[in-house]
Amino acid sequence: TIGMKTISVIVPVYNTEAYLDRCIKSLFCQSYADLEIILVDDGSKDGSLRICREWEQRDSRIQVISQPNLGVSSARNEGIRKSTGDLIMLLDSDDWLAADACEKLLALIKGKNADCIVCGLKQTSGNIWAPAFDKDYSDLASFKCDFIYWINTELLSSSVNKIYKRGLITELYPENMSFGEDLVFVLNYLKHCNRISFTQEPLYQHEVYNSVSLTHSFSPARFSNLEDIQKAILDFADDKNKINPRIYDKYVKDALHLTRMWYKNKNVPYIRKKEIIGEWLKQSYIRKLKISDYQLHWKDRMLLHCLHMSCFIGINLIVNGKEYINSLSKE
């Protein structure tokens with residue numbers, strides 16, 4: 001059982017000086033005060049480290065760690081390693097928490113004797129991304145019965161809308177991934193949980209307008225990351241779920257999205273696009289899918305079919321349409 005002990009909140013910081021005061025102030029003003037606040041500056045080039053140091057002088061609960069730019073996973077891992085709280089929360093430095101978020105999540109994890117609480121997120125655009133209903137699982141087997149539902153809500157895909165028991169974290173973030181590392185971390189954690197609870201309340205506040213954010217960048221390494229994510233999903237699922245086509249719904253959606261992003265990139269020559277997609281498809285789950293199992297818009301179905309057949313001209317035609325046809329007519 002958990003006594004009234006510290007929650008460690010870990011904040012990776014990289015070039016977010018415009019948002020950082022709001023983020024740290026939301027921790028400073030939490031209704032639950034017994035916090036350990038770990039700010040990990042990941043080699044920021046703006047005034048972020050200075051802001052962190054100023055807050056460290058102001059509040060004894062704040063500890064600042066400065067490291068060279070090694071990426072968000074490295075920064076989070078360093079924070080977890082340095083943490084001493086019974087419970088862990090993760091907060092991105094361009095986001096913030098509702099004033100009573102820590103108090104409510106602590107009450108939930110204690111009241112339900114849970115190993116993990118998953119809450120909702122409220123976005124600055126006004127959208128709320130939250131469970132459709134409150135749900136408690138008393139063991140991992142019953143959660144796995146509903147796993148396909150939850151994986152396709154994307155509520156497991158983020159690591160910030162949760163509270164964790166530090167003693168159950170046995171695997172840190174994979175530092176070789178630039179996409180999907182949150183989900184891999186969450187699934188590795190959930191393997192060690194019995195009681196898992198979902199609450200509709202949006203206690204996490206997410207900034208959607210920060211163009212510096214990693215979610216807005218793109219690297220071809222994301223294609224191999226996509227395979228790592230699906231492997232983690234299949235490894236977590238029970239045998240019954242592994243043969244259900246719905247276990248690949250998220251994979252199909254992400255594969256189509258990444259393909260479109262890659263083919264729309266005007267800075268990459270067509271031959272390079274084809275090369276990267278070709279290498280990915282050789283070892284992808286795409287080849288294992290039965291396309292008729294997926295209810296898709298006709299364009300998505302055609303794109304998935306072209307990926308399945310490694311038809312690169314078809315992929316380019318579907319993604320870039322008239323622009324591609326015009327480029328052919330000019331040759």
# chains A, B, ... in the order shown; residues from 1 in each chain; ligands from 1
>>> residues_around(residues="Ile88 of chain A", least_positions_apart="3", cutoff="6 Å", atoms="only C-alpha atoms", output="PDB file with all heavy atoms, in the first residue's frame")
ATOM      1  N   ILE A   7       5.372  12.035  -5.093  1.00  0.00           N
ATOM      2  CA  ILE A   7       5.228  11.759  -6.531  1.00  0.00           C
ATOM      3  C   ILE A   7       6.403  12.455  -7.209  1.00  0.00           C
ATOM      4  O   ILE A   7       6.630  13.647  -7.003  1.00  0.00           O
ATOM      5  CB  ILE A   7       3.916  12.321  -7.097  1.00  0.00           C
ATOM      6  CG1 ILE A   7       2.696  11.720  -6.396  1.00  0.00           C
ATOM      7  CG2 ILE A   7       3.845  12.089  -8.608  1.00  0.00           C
ATOM      8  CD1 ILE A   7       1.395  12.407  -6.763  1.00  0.00           C
ATOM      9  N   SER A   8       7.150  11.723  -8.013  1.00  0.00           N
ATOM     10  CA  SER A   8       8.210  12.336  -8.822  1.00  0.00           C
ATOM     11  C   SER A   8       7.625  12.690 -10.185  1.00  0.00           C
ATOM     12  O   SER A   8       7.101  11.819 -10.876  1.00  0.00           O
ATOM     13  CB  SER A   8       9.380  11.371  -9.006  1.00  0.00           C
ATOM     14  OG  SER A   8      10.003  11.089  -7.775  1.00  0.00           O
ATOM     15  N   VAL A   9       7.711  13.971 -10.553  1.00  0.00           N
ATOM     16  CA  VAL A   9       7.248  14.411 -11.870  1.00  0.00           C
ATOM     17  C   VAL A   9       8.474  14.735 -12.712  1.00  0.00           C
ATOM     18  O   VAL A   9       9.293  15.584 -12.335  1.00  0.00           O
ATOM     19  CB  VAL A   9       6.321  15.644 -11.776  1.00  0.00           C
ATOM     20  CG1 VAL A   9       5.750  15.971 -13.159  1.00  0.00           C
ATOM     21  CG2 VAL A   9       5.194  15.410 -10.779  1.00  0.00           C
ATOM     22  N   ILE A 163      -0.227   7.698 -14.343  1.00  0.00           N
ATOM     23  CA  ILE A 163       0.615   7.701 -13.147  1.00  0.00           C
ATOM     24  C   ILE A 163       1.078   6.257 -12.930  1.00  0.00           C
ATOM     25  O   ILE A 163       0.306   5.315 -13.117  1.00  0.00           O
ATOM     26  CB  ILE A 163      -0.120   8.275 -11.911  1.00  0.00           C
ATOM     27  CG1 ILE A 163       0.861   8.443 -10.738  1.00  0.00           C
ATOM     28  CG2 ILE A 163      -1.352   7.489 -11.527  1.00  0.00           C
ATOM     29  CD1 ILE A 163       0.312   9.312  -9.588  1.00  0.00           C
ATOM     30  N   TYR A 164       2.366   6.120 -12.602  1.00  0.00           N
ATOM     31  CA  TYR A 164       3.023   4.815 -12.523  1.00  0.00           C
ATOM     32  C   TYR A 164       3.593   4.585 -11.124  1.00  0.00           C
ATOM     33  O   TYR A 164       3.937   5.533 -10.434  1.00  0.00           O
ATOM     34  CB  TYR A 164       4.207   4.748 -13.497  1.00  0.00           C
ATOM     35  CG  TYR A 164       3.924   5.169 -14.918  1.00  0.00           C
ATOM     36  CD1 TYR A 164       4.011   6.514 -15.297  1.00  0.00           C
ATOM     37  CD2 TYR A 164       3.595   4.225 -15.890  1.00  0.00           C
ATOM     38  CE1 TYR A 164       3.769   6.900 -16.609  1.00  0.00           C
ATOM     39  CE2 TYR A 164       3.360   4.609 -17.207  1.00  0.00           C
ATOM     40  CZ  TYR A 164       3.438   5.949 -17.565  1.00  0.00           C
ATOM     41  OH  TYR A 164       3.205   6.337 -18.859  1.00  0.00           O
ATOM     42  N   ARG A 166       6.872   3.498  -9.358  1.00  0.00           N
ATOM     43  CA  ARG A 166       8.276   3.451  -9.775  1.00  0.00           C
ATOM     44  C   ARG A 166       8.853   2.040  -9.658  1.00  0.00           C
ATOM     45  O   ARG A 166       9.646   1.609 -10.493  1.00  0.00           O
ATOM     46  CB  ARG A 166       9.120   4.431  -8.945  1.00  0.00           C
ATOM     47  CG  ARG A 166      10.560   4.579  -9.451  1.00  0.00           C
ATOM     48  CD  ARG A 166      11.247   5.792  -8.852  1.00  0.00           C
ATOM     49  NE  ARG A 166      11.330   5.703  -7.414  1.00  0.00           N
ATOM     50  CZ  ARG A 166      12.357   5.174  -6.743  1.00  0.00           C
ATOM     51  NH1 ARG A 166      13.391   4.692  -7.392  1.00  0.00           N
ATOM     52  NH2 ARG A 166      12.354   5.146  -5.430  1.00  0.00           N
TER      53      ARG A 166
END
>>> closest_atom_pairs(of="segment 35-58 of chain A", to="segment 91-110 of chain A", cutoff="12 Å", atoms="only C-alpha atoms", output="Markdown table")
| residue | atom | partner | partner_atom | distance |
| --- | --- | --- | --- | --- |
| A:Leu35 | CA | A:Cys102 | CA | 8.7 |
| A:Glu36 | CA | A:Cys102 | CA | 11.6 |
| A:Ile37 | CA | A:Leu91 | CA | 10.1 |
| A:Ile38 | CA | A:Leu91 | CA | 10.0 |
| A:Leu39 | CA | A:Ser93 | CA | 8.8 |
| A:Val40 | CA | A:Ser93 | CA | 9.7 |
| A:Asp41 | CA | A:Ser93 | CA | 9.8 |
| A:Asp42 | CA | A:Ser93 | CA | 11.2 |
| A:Ser44 | CA | A:Ser93 | CA | 11.8 |
| A:Ser48 | CA | A:Ser93 | CA | 9.6 |
| A:Leu49 | CA | A:Ser93 | CA | 11.7 |
| A:Ile51 | CA | A:Ser93 | CA | 11.6 |
| A:Cys52 | CA | A:Ser93 | CA | 10.6 |
>>> write_last_selection(atoms="all heavy atoms", output="CSV table (one decimal), in the first residue's frame")
chain,number,residue,atom,x,y,z
A,35,LEU,N,5.8,16.8,-3.8
A,35,LEU,CA,6.3,16.4,-5.1
A,35,LEU,C,7.8,16.5,-5.2
A,35,LEU,O,8.4,17.3,-4.5
A,35,LEU,CB,5.7,17.4,-6.2
A,35,LEU,CG,4.2,17.5,-6.4
A,35,LEU,CD1,3.9,18.5,-7.5
A,35,LEU,CD2,3.6,16.1,-6.7
A,36,GLU,N,8.4,15.7,-6.0
A,36,GLU,CA,9.8,15.8,-6.4
A,36,GLU,C,9.7,16.2,-7.9
A,36,GLU,O,9.1,15.4,-8.7
A,36,GLU,CB,10.5,14.5,-6.2
A,36,GLU,CG,11.9,14.5,-6.8
A,36,GLU,CD,12.6,13.2,-6.6
A,36,GLU,OE1,12.1,12.2,-7.2
A,36,GLU,OE2,13.6,13.1,-5.9
A,37,ILE,N,10.2,17.4,-8.3
A,37,ILE,CA,10.1,17.9,-9.7
A,37,ILE,C,11.4,17.8,-10.3
A,37,ILE,O,12.4,18.5,-9.9
A,37,ILE,CB,9.5,19.3,-9.7
A,37,ILE,CG1,8.1,19.3,-9.0
A,37,ILE,CG2,9.4,19.8,-11.1
A,37,ILE,CD1,7.6,20.7,-8.7
A,38,ILE,N,11.6,17.0,-11.3
A,38,ILE,CA,12.9,16.8,-12.0
A,38,ILE,C,12.8,17.3,-13.4
A,38,ILE,O,12.1,16.8,-14.2
A,38,ILE,CB,13.3,15.3,-12.0
A,38,ILE,CG1,13.4,14.7,-10.5
A,38,ILE,CG2,14.7,15.1,-12.7
A,38,ILE,CD1,13.7,13.3,-10.4
A,39,LEU,N,13.5,18.4,-13.6
A,39,LEU,CA,13.6,19.1,-14.9
A,39,LEU,C,14.9,18.6,-15.6
A,39,LEU,O,16.0,18.9,-15.1
A,39,LEU,CB,13.6,20.6,-14.8
A,39,LEU,CG,12.5,21.2,-13.9
A,39,LEU,CD1,12.7,22.7,-13.8
A,39,LEU,CD2,11.1,20.9,-14.5
A,40,VAL,N,14.8,17.9,-16.7
A,40,VAL,CA,16.0,17.4,-17.4
A,40,VAL,C,16.2,18.2,-18.7
A,40,VAL,O,15.4,18.0,-19.7
A,40,VAL,CB,15.9,15.9,-17.7
A,40,VAL,CG1,17.2,15.4,-18.3
A,40,VAL,CG2,15.5,15.1,-16.5
A,41,ASP,N,17.1,19.2,-18.7
A,41,ASP,CA,17.4,20.0,-19.9
A,41,ASP,C,18.2,19.1,-20.8
A,41,ASP,O,19.3,18.7,-20.5
A,41,ASP,CB,18.1,21.3,-19.6
A,41,ASP,CG,18.3,22.1,-20.8
A,41,ASP,OD1,17.3,22.7,-21.3
A,41,ASP,OD2,19.5,22.1,-21.3
A,42,ASP,N,17.7,18.9,-22.0
A,42,ASP,CA,18.4,18.1,-23.0
A,42,ASP,C,19.1,18.9,-24.1
A,42,ASP,O,18.9,18.8,-25.3
A,42,ASP,CB,17.3,17.2,-23.7
A,42,ASP,CG,17.9,16.1,-24.6
A,42,ASP,OD1,18.8,15.5,-24.2
A,42,ASP,OD2,17.4,16.0,-25.7
A,44,SER,N,19.3,22.3,-24.5
A,44,SER,CA,18.5,23.4,-25.1
A,44,SER,C,19.4,24.5,-25.6
A,44,SER,O,20.4,24.8,-24.9
A,44,SER,CB,17.5,24.0,-24.1
A,44,SER,OG,16.5,23.1,-23.8
A,48,SER,N,15.8,28.0,-22.1
A,48,SER,CA,15.2,27.0,-21.3
A,48,SER,C,15.9,26.6,-20.0
A,48,SER,O,15.3,26.6,-18.9
A,48,SER,CB,14.9,25.7,-22.1
A,48,SER,OG,14.0,26.0,-23.1
A,49,LEU,N,17.2,26.4,-20.1
A,49,LEU,CA,18.0,26.0,-19.0
A,49,LEU,C,18.0,27.1,-17.9
A,49,LEU,O,17.9,26.8,-16.7
A,49,LEU,CB,19.4,25.6,-19.4
A,49,LEU,CG,20.4,25.1,-18.2
A,49,LEU,CD1,19.8,24.0,-17.5
A,49,LEU,CD2,21.8,24.8,-18.8
A,51,ILE,N,15.7,29.3,-17.4
A,51,ILE,CA,14.4,29.3,-16.7
A,51,ILE,C,14.3,28.2,-15.7
A,51,ILE,O,13.8,28.4,-14.6
A,51,ILE,CB,13.2,29.2,-17.8
A,51,ILE,CG1,13.2,30.4,-18.7
A,51,ILE,CG2,11.9,28.9,-17.1
A,51,ILE,CD1,12.3,30.3,-19.9
A,52,CYS,N,14.8,27.0,-16.1
A,52,CYS,CA,14.9,25.9,-15.1
A,52,CYS,C,15.6,26.2,-13.9
A,52,CYS,O,15.2,25.9,-12.7
A,52,CYS,CB,15.5,24.6,-15.8
A,52,CYS,SG,14.5,23.9,-17.1
>>> residues_around(residues="Ser292 of chain A", least_positions_apart="3", cutoff="9 Å", atoms="only C-alpha atoms", output="PyMOL selection string")
chain A and resi 289+295+301
>>> residues_around(residues="Asn188 of chain A", least_positions_apart="6", cutoff="12 Å", atoms="only C-alpha atoms", output="PyMOL selection string")
chain A and resi 156+159+164+168-174+181-182+229+231-233+235-237
>>> write_last_selection(atoms="C-alpha atoms", output="short mmCIF file (atom, residue, chain, number, x, y, z; two decimals), in the first residue's frame")
data_model
loop_
_atom_site.label_atom_id
_atom_site.label_comp_id
_atom_site.auth_asym_id
_atom_site.auth_seq_id
_atom_site.Cartn_x
_atom_site.Cartn_y
_atom_site.Cartn_z
CA LEU A 156 -2.05 3.88 -24.45
CA SER A 159 3.10 8.06 -21.61
CA TYR A 164 3.02 4.82 -12.52
CA LEU A 168 7.16 -1.62 -11.41
CA ILE A 169 9.24 0.23 -14.02
CA THR A 170 11.73 -2.43 -15.13
CA GLU A 171 12.40 -1.21 -18.68
CA LEU A 172 13.14 2.40 -19.59
CA TYR A 173 12.35 4.21 -22.85
CA PRO A 174 14.02 2.71 -25.94
CA GLU A 181 8.73 4.95 -27.92
CA ASP A 182 5.97 6.05 -25.51
CA ILE A 229 5.67 -0.81 -32.19
CA LYS A 231 5.94 -6.21 -32.42
CA ALA A 232 5.48 -4.76 -28.91
CA ILE A 233 1.68 -4.78 -29.41
CA ASP A 235 4.10 -9.41 -27.71
CA PHE A 236 1.73 -7.87 -25.17
CA ALA A 237 -1.49 -9.34 -26.62
#
>>> closest_atom_pairs(of="segment 92-185 of chain A", to="segment 252-259 of chain A", cutoff="12 Å", atoms="only C-alpha atoms", output="Markdown table")
| residue | atom | partner | partner_atom | distance |
| --- | --- | --- | --- | --- |
| A:Asn152 | CA | A:Lys253 | CA | 9.9 |
| A:Glu154 | CA | A:Asp254 | CA | 11.2 |
| A:Ser157 | CA | A:Asp254 | CA | 11.9 |
| A:Phe179 | CA | A:Asp254 | CA | 10.7 |
| A:Gly180 | CA | A:Asp254 | CA | 10.3 |
>>> select_by_dssp(residues="segment 68-165 of chain A", states="strand (DSSP E)", output="list in words")
Leu87, Ile88, Met89, Leu90, Trp96, Leu97, Cys116, Ile117, Val118, Cys119, Gly120, Leu121, Lys122, Gln123, Ile128, Trp129, Lys135, Asp136, Tyr137, Lys162, Ile163, Tyr164 and Lys165 of chain A
>>> residues_around(residues="Ser197 of chain A", least_positions_apart="2", cutoff="10 Å", atoms="only C-alpha atoms", output="list of chain:residue names")
A:Leu108, A:Ile109, A:Lys112, A:Asn113, A:Ala114, A:Asp115, A:Cys116, A:Ile117, A:Val118, A:Cys119, A:Asp134, A:Lys135, A:Asp136, A:Tyr137, A:Ser138, A:Phe143, A:Lys162, A:Asn194, A:Arg195, A:Thr199
>>> closest_atom_pairs(of="segment 156-266 of chain A", to="segment 25-28 of chain A", cutoff="12 Å", atoms="only C-alpha atoms", output="Markdown table")
| residue | atom | partner | partner_atom | distance |
| --- | --- | --- | --- | --- |
| A:Leu203 | CA | A:Ser26 | CA | 11.5 |
| A:Tyr204 | CA | A:Ser26 | CA | 10.5 |
| A:Gln205 | CA | A:Ser26 | CA | 10.0 |
>>> closest_residue(among="A:Lys122, A:Lys250, A:Arg81, A:Lys242", to="Thr153 of chain A", atoms="only C-alpha atoms")
A:Lys250
>>> select_by_dssp(residues="segment 70-126 of chain A", states="alpha helix (DSSP H)", output="list in words")
Val72, Ser73, Ser74, Ala75, Arg76, Asn77, Glu78, Gly79, Ile80, Arg81, Lys82, Ala101, Cys102, Glu103, Lys104, Leu105, Leu106, Ala107, Leu108, Ile109, Lys110 and Gly111 of chain A
>>> atom_distance(atom1="atom CA of Pro220 of chain A", atom2="atom CA of Tyr285 of chain A")
16.8 Å
>>> atom_distance(atom1="atom CA of Gly120 of chain A", atom2="atom CA of Ser83 of chain A")
24.4 Å
>>> closest_residue(among="A:Arg58, A:Lys165, A:Arg287, A:Lys144", to="Asp86 of chain A", atoms="only C-alpha atoms")
A:Lys165
>>> atom_distance(atom1="atom CA of Arg61 of chain A", atom2="atom CA of Gly111 of chain A")
25.7 Å
>>> residues_around(residues="Leu70 of chain A", least_positions_apart="6", cutoff="12 Å", atoms="only C-alpha atoms", output="MDAnalysis selection string")
chainID A and resid 12:14 40:44 76:78 175:178
>>> write_last_selection(atoms="all heavy atoms", output="tab-separated table (two decimals), in the first residue's frame")
chain	number	residue	atom	x	y	z
A	12	PRO	N	11.12	16.40	-19.38
A	12	PRO	CA	12.22	16.60	-20.33
A	12	PRO	C	12.06	17.97	-20.99
A	12	PRO	O	10.94	18.35	-21.36
A	12	PRO	CB	12.02	15.47	-21.35
A	12	PRO	CG	10.55	15.17	-21.30
A	12	PRO	CD	10.08	15.52	-19.91
A	13	VAL	N	13.16	18.71	-21.10
A	13	VAL	CA	13.08	20.09	-21.60
A	13	VAL	C	14.01	20.25	-22.80
A	13	VAL	O	15.20	19.94	-22.72
A	13	VAL	CB	13.49	21.09	-20.49
A	13	VAL	CG1	13.45	22.52	-21.02
A	13	VAL	CG2	12.60	20.94	-19.27
A	14	TYR	N	13.45	20.74	-23.91
A	14	TYR	CA	14.30	21.06	-25.06
A	14	TYR	C	13.69	22.23	-25.84
A	14	TYR	O	12.64	22.09	-26.46
A	14	TYR	CB	14.47	19.85	-25.98
A	14	TYR	CG	15.35	20.15	-27.18
A	14	TYR	CD1	16.72	20.37	-27.01
A	14	TYR	CD2	14.82	20.25	-28.46
A	14	TYR	CE1	17.54	20.68	-28.09
A	14	TYR	CE2	15.63	20.56	-29.54
A	14	TYR	CZ	16.98	20.77	-29.35
A	14	TYR	OH	17.79	21.09	-30.42
A	40	VAL	N	14.79	17.95	-16.73
A	40	VAL	CA	15.98	17.44	-17.43
A	40	VAL	C	16.16	18.23	-18.71
A	40	VAL	O	15.45	18.01	-19.70
A	40	VAL	CB	15.86	15.93	-17.74
A	40	VAL	CG1	17.19	15.41	-18.32
A	40	VAL	CG2	15.46	15.14	-16.50
A	41	ASP	N	17.11	19.18	-18.69
A	41	ASP	CA	17.38	19.97	-19.89
A	41	ASP	C	18.24	19.14	-20.85
A	41	ASP	O	19.34	18.71	-20.51
A	41	ASP	CB	18.08	21.28	-19.55
A	41	ASP	CG	18.32	22.10	-20.81
A	41	ASP	OD1	17.34	22.66	-21.34
A	41	ASP	OD2	19.46	22.13	-21.31
A	42	ASP	N	17.72	18.95	-22.04
A	42	ASP	CA	18.37	18.07	-23.02
A	42	ASP	C	19.15	18.90	-24.06
A	42	ASP	O	18.90	18.82	-25.26
A	42	ASP	CB	17.30	17.20	-23.70
A	42	ASP	CG	17.90	16.12	-24.59
A	42	ASP	OD1	18.85	15.46	-24.15
A	42	ASP	OD2	17.42	15.96	-25.74
A	43	GLY	N	20.08	19.72	-23.54
A	43	GLY	CA	20.92	20.50	-24.44
A	43	GLY	C	20.19	21.62	-25.17
A	43	GLY	O	20.47	21.90	-26.34
A	44	SER	N	19.25	22.29	-24.48
A	44	SER	CA	18.51	23.39	-25.11
A	44	SER	C	19.44	24.48	-25.59
A	44	SER	O	20.44	24.80	-24.94
A	44	SER	CB	17.50	23.99	-24.12
A	44	SER	OG	16.50	23.06	-23.79
A	76	ARG	N	14.06	11.54	-20.35
A	76	ARG	CA	13.09	10.89	-19.45
A	76	ARG	C	13.76	9.79	-18.63
A	76	ARG	O	13.50	9.66	-17.43
A	76	ARG	CB	11.94	10.31	-20.27
A	76	ARG	CG	10.94	11.36	-20.76
A	76	ARG	CD	9.98	10.74	-21.74
A	76	ARG	NE	8.87	11.61	-22.04
A	76	ARG	CZ	7.98	11.38	-23.02
A	76	ARG	NH1	8.12	10.31	-23.78
A	76	ARG	NH2	7.00	12.22	-23.24
A	77	ASN	N	14.60	8.99	-19.29
A	77	ASN	CA	15.28	7.90	-18.59
A	77	ASN	C	16.16	8.41	-17.48
A	77	ASN	O	16.20	7.84	-16.37
A	77	ASN	CB	16.11	7.07	-19.58
A	77	ASN	CG	15.25	6.22	-20.50
A	77	ASN	OD1	14.07	6.01	-20.24
A	77	ASN	ND2	15.84	5.74	-21.58
A	78	GLU	N	16.87	9.52	-17.75
A	78	GLU	CA	17.74	10.10	-16.72
A	78	GLU	C	16.90	10.57	-15.53
A	78	GLU	O	17.28	10.39	-14.37
A	78	GLU	CB	18.55	11.26	-17.32
A	78	GLU	CG	19.62	11.83	-16.40
A	78	GLU	CD	20.68	10.83	-15.97
A	78	GLU	OE1	20.84	9.76	-16.61
A	78	GLU	OE2	21.35	11.09	-14.95
A	175	GLU	N	15.90	4.18	-26.43
A	175	GLU	CA	16.52	5.42	-26.92
A	175	GLU	C	16.86	5.38	-28.41
A	175	GLU	O	17.26	6.38	-28.98
A	175	GLU	CB	17.77	5.74	-26.08
A	175	GLU	CG	17.40	6.04	-24.63
A	175	GLU	CD	18.58	6.46	-23.77
A	175	GLU	OE1	19.63	6.87	-24.33
A	175	GLU	OE2	18.46	6.36	-22.52
A	176	ASN	N	16.67	4.22	-29.03
A	176	ASN	CA	16.93	4.11	-30.47
A	176	ASN	C	15.69	4.37	-31.31
A	176	ASN	O	15.72	4.25	-32.53
A	176	ASN	CB	17.47	2.70	-30.80
A	176	ASN	CG	16.49	1.60	-30.44
A	176	ASN	OD1	15.61	1.79	-29.60
A	176	ASN	ND2	16.62	0.45	-31.07
A	177	MET	N	14.58	4.74	-30.67
A	177	MET	CA	13.33	5.01	-31.40
A	177	MET	C	13.02	6.50	-31.39
A	177	MET	O	13.20	7.17	-30.38
A	177	MET	CB	12.16	4.24	-30.77
A	177	MET	CG	12.25	2.73	-30.93
A	177	MET	SD	10.86	1.87	-30.14
A	177	MET	CE	9.51	2.28	-31.28
A	178	SER	N	12.52	7.00	-32.53
A	178	SER	CA	12.11	8.41	-32.61
A	178	SER	C	10.60	8.53	-32.75
A	178	SER	O	10.05	9.62	-32.83
A	178	SER	CB	12.78	9.09	-33.81
A	178	SER	OG	12.40	8.45	-35.01
>>> decode(residues="segment 194-200 of chain A", atoms="all heavy atoms", output="mmCIF file, in the first residue's frame")
data_model
loop_
_atom_site.group_PDB
_atom_site.id
_atom_site.type_symbol
_atom_site.label_atom_id
_atom_site.label_comp_id
_atom_site.auth_asym_id
_atom_site.auth_seq_id
_atom_site.Cartn_x
_atom_site.Cartn_y
_atom_site.Cartn_z
ATOM 1 N N ASN A 194 -1.265 -5.432 -12.307
ATOM 2 C CA ASN A 194 -2.492 -6.208 -12.128
ATOM 3 C C ASN A 194 -3.693 -5.293 -12.314
ATOM 4 O O ASN A 194 -4.440 -5.428 -13.263
ATOM 5 C CB ASN A 194 -2.512 -6.883 -10.750
ATOM 6 C CG ASN A 194 -1.627 -8.118 -10.713
ATOM 7 O OD1 ASN A 194 -1.697 -8.943 -11.614
ATOM 8 N ND2 ASN A 194 -0.803 -8.232 -9.686
ATOM 9 N N ARG A 195 -3.823 -4.330 -11.412
ATOM 10 C CA ARG A 195 -4.986 -3.435 -11.469
ATOM 11 C C ARG A 195 -4.668 -2.203 -12.322
ATOM 12 O O ARG A 195 -3.712 -1.485 -12.048
ATOM 13 C CB ARG A 195 -5.392 -3.013 -10.053
ATOM 14 C CG ARG A 195 -5.917 -4.176 -9.213
ATOM 15 C CD ARG A 195 -6.218 -3.752 -7.785
ATOM 16 N NE ARG A 195 -6.759 -4.851 -7.014
ATOM 17 C CZ ARG A 195 -8.059 -5.149 -6.915
ATOM 18 N NH1 ARG A 195 -8.954 -4.407 -7.549
ATOM 19 N NH2 ARG A 195 -8.457 -6.174 -6.178
ATOM 20 N N ILE A 196 -5.482 -2.004 -13.339
ATOM 21 C CA ILE A 196 -5.315 -0.880 -14.271
ATOM 22 C C ILE A 196 -6.657 -0.172 -14.363
ATOM 23 O O ILE A 196 -7.694 -0.823 -14.534
ATOM 24 C CB ILE A 196 -4.890 -1.390 -15.674
ATOM 25 C CG1 ILE A 196 -3.563 -2.168 -15.585
ATOM 26 C CG2 ILE A 196 -4.763 -0.227 -16.663
ATOM 27 C CD1 ILE A 196 -3.283 -3.052 -16.793
ATOM 28 N N SER A 197 -6.648 1.152 -14.223
ATOM 29 C CA SER A 197 -7.905 1.907 -14.232
ATOM 30 C C SER A 197 -7.845 3.061 -15.224
ATOM 31 O O SER A 197 -6.798 3.687 -15.404
ATOM 32 C CB SER A 197 -8.215 2.455 -12.832
ATOM 33 O OG SER A 197 -8.537 1.409 -11.941
ATOM 34 N N PHE A 198 -8.999 3.333 -15.822
ATOM 35 C CA PHE A 198 -9.156 4.442 -16.764
ATOM 36 C C PHE A 198 -10.166 5.424 -16.195
ATOM 37 O O PHE A 198 -11.226 5.018 -15.714
ATOM 38 C CB PHE A 198 -9.674 3.924 -18.111
ATOM 39 C CG PHE A 198 -8.681 3.066 -18.861
ATOM 40 C CD1 PHE A 198 -8.492 1.733 -18.514
ATOM 41 C CD2 PHE A 198 -7.934 3.590 -19.905
ATOM 42 C CE1 PHE A 198 -7.571 0.937 -19.182
ATOM 43 C CE2 PHE A 198 -7.011 2.806 -20.594
ATOM 44 C CZ PHE A 198 -6.827 1.472 -20.223
ATOM 45 N N THR A 199 -9.825 6.708 -16.241
ATOM 46 C CA THR A 199 -10.746 7.753 -15.801
ATOM 47 C C THR A 199 -10.957 8.764 -16.930
ATOM 48 O O THR A 199 -10.009 9.143 -17.624
ATOM 49 C CB THR A 199 -10.239 8.475 -14.531
ATOM 50 O OG1 THR A 199 -11.145 9.531 -14.194
ATOM 51 C CG2 THR A 199 -8.854 9.084 -14.716
ATOM 52 N N GLN A 200 -12.208 9.166 -17.096
ATOM 53 C CA GLN A 200 -12.550 10.102 -18.177
ATOM 54 C C GLN A 200 -11.987 11.503 -17.948
ATOM 55 O O GLN A 200 -11.856 12.273 -18.889
ATOM 56 C CB GLN A 200 -14.074 10.218 -18.298
ATOM 57 C CG GLN A 200 -14.754 8.997 -18.859
ATOM 58 C CD GLN A 200 -16.257 9.203 -18.889
ATOM 59 O OE1 GLN A 200 -16.934 9.136 -17.874
ATOM 60 N NE2 GLN A 200 -16.778 9.472 -20.074
#
